[in-house]
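Beneath this line is the structure, given in structure tokens, with notes to follow.
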Amino acid sequence: MTGKPRVSLDTNTLVSGMVFAGNERKLLDAIIDEKLELVLSAAVIDEVNAVLERKFPKHAVLFPLFLRLVKHEKISKSAYKGSEKLYAKLTGDEADAPILAAAATSRVDYLVTGDKKLLALKRVGDVEIIQTWKLLKRLKIF
């Protein structure tokens with residue numbers, strides 16, 4: 001890994017950071033402070049917007065503001081669409097395939113998630129799959 005660690009976050013990690021105080025908020029703060037490079041798939045961006053609108057409507061405005069505030073790389077669906085079936089086989093869950101495919105395609109260092117199926121994989125190619133608190137501890141971000 002050269003330079004700042006490149007991270008991709010799943011929907012639940014982003015929503016938790018937007019809505020609740022805790023480790024996920026600390027992770028978002030580290031991204032705002034440019035300690036990490038954020039890489040997000042178009043699918044995750046769409047899903048975060050939908051979840052916030054549906055479950056936390058008072059917080060829905062925060063995510064678009066966050067995206068305008070932070071430097072981030074957006075991975076289009078077409079960039080990883082062809083590899084989704086391969087990643088669906090790894091997890092047995094088609095819903096997880098886009099985030100794995102996007103993380104692998106974008107060559108992030110870490111995919112941050114709390115999803116047990118994804119965490120069980122530990123790694124996909126060069127991408128380490130890790131929980132928020134473990135990443136914060138490893139990178140000494142508190």
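Simple scheme: letters A, B, ... for chains in structure tokens order, numbers from 1 for residues in each chain, numbers from 1 for ligands in the order shown.
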
message = Could you list, as a PyMOL selection string, every residue within 10 Å of Arg25 in chain A, counting only C-alpha atoms and ignoring same-chain residues fewer than 4 positions away?
response = chain A and resi 13-21+29-31+132

query = Residues at most 12 Å from Ser78 in chain A, counting only C-alpha atoms, excluding those fewer than 3 positions away in the same chain, as a list in words?
reply =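 Everything that qualifies: Ser41, Ala42, Ala43, Lys74, Ile75, Lys81, Gly82, Ser83, Glu84, Pro98, Ala101, Ala102 and Thr105 of chain A.
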
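For the choices A:Leu9, A:Glu24, A:Leu62, A:Val39, the atom-to-atom distance to Arg107 in chain A is smallest for A:Val39 when using only C-alpha atoms.
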
Might you pull out every residue within 12 Å of Ala50 in chain A, with only C-alpha atoms counted and same-chain residues fewer than 4 positions away left off, and present them as a JSON list (two decimals) with C-alpha atoms, in the first residue's frame?
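Below is the file that was written, out28.json:
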```json
[["chain", "number", "residue", "atom", "x", "y", "z"],
["A", 11, "THR", "CA", -24.23, 0.58, 2.93],
["A", 12, "ASN", "CA", -24.68, -0.26, 6.61],
["A", 15, "VAL", "CA", -25.66, 4.71, 7.13],
["A", 43, "ALA", "CA", -24.82, 0.81, -6.27],
["A", 44, "VAL", "CA", -23.80, 1.65, -2.69],
["A", 45, "ILE", "CA", -24.42, 5.36, -3.25],
["A", 46, "ASP", "CA", -27.91, 4.61, -4.57],
["A", 54, "ARG", "CA", -36.82, 5.20, 3.99],
["A", 55, "LYS", "CA", -35.50, 4.63, 7.52],
["A", 56, "PHE", "CA", -33.92, 7.92, 8.59],
["A", 57, "PRO", "CA", -35.60, 10.68, 6.56],
["A", 59, "HIS", "CA", -30.75, 12.36, 8.04],
["A", 60, "ALA", "CA", -31.27, 11.87, 4.30],
["A", 61, "VAL", "CA", -29.76, 15.26, 3.45],
["A", 63, "PHE", "CA", -25.17, 11.84, 2.61],
["A", 64, "PRO", "CA", -25.30, 14.11, -0.46]]
```

request  = Identify all residues of chain A in strand (DSSP E) (DSSP on the backbone) and supply them as a PyMOL selection string.
outcome  = chain A and resi 6-9+37-41+72-75+110-112+123-124+127-130
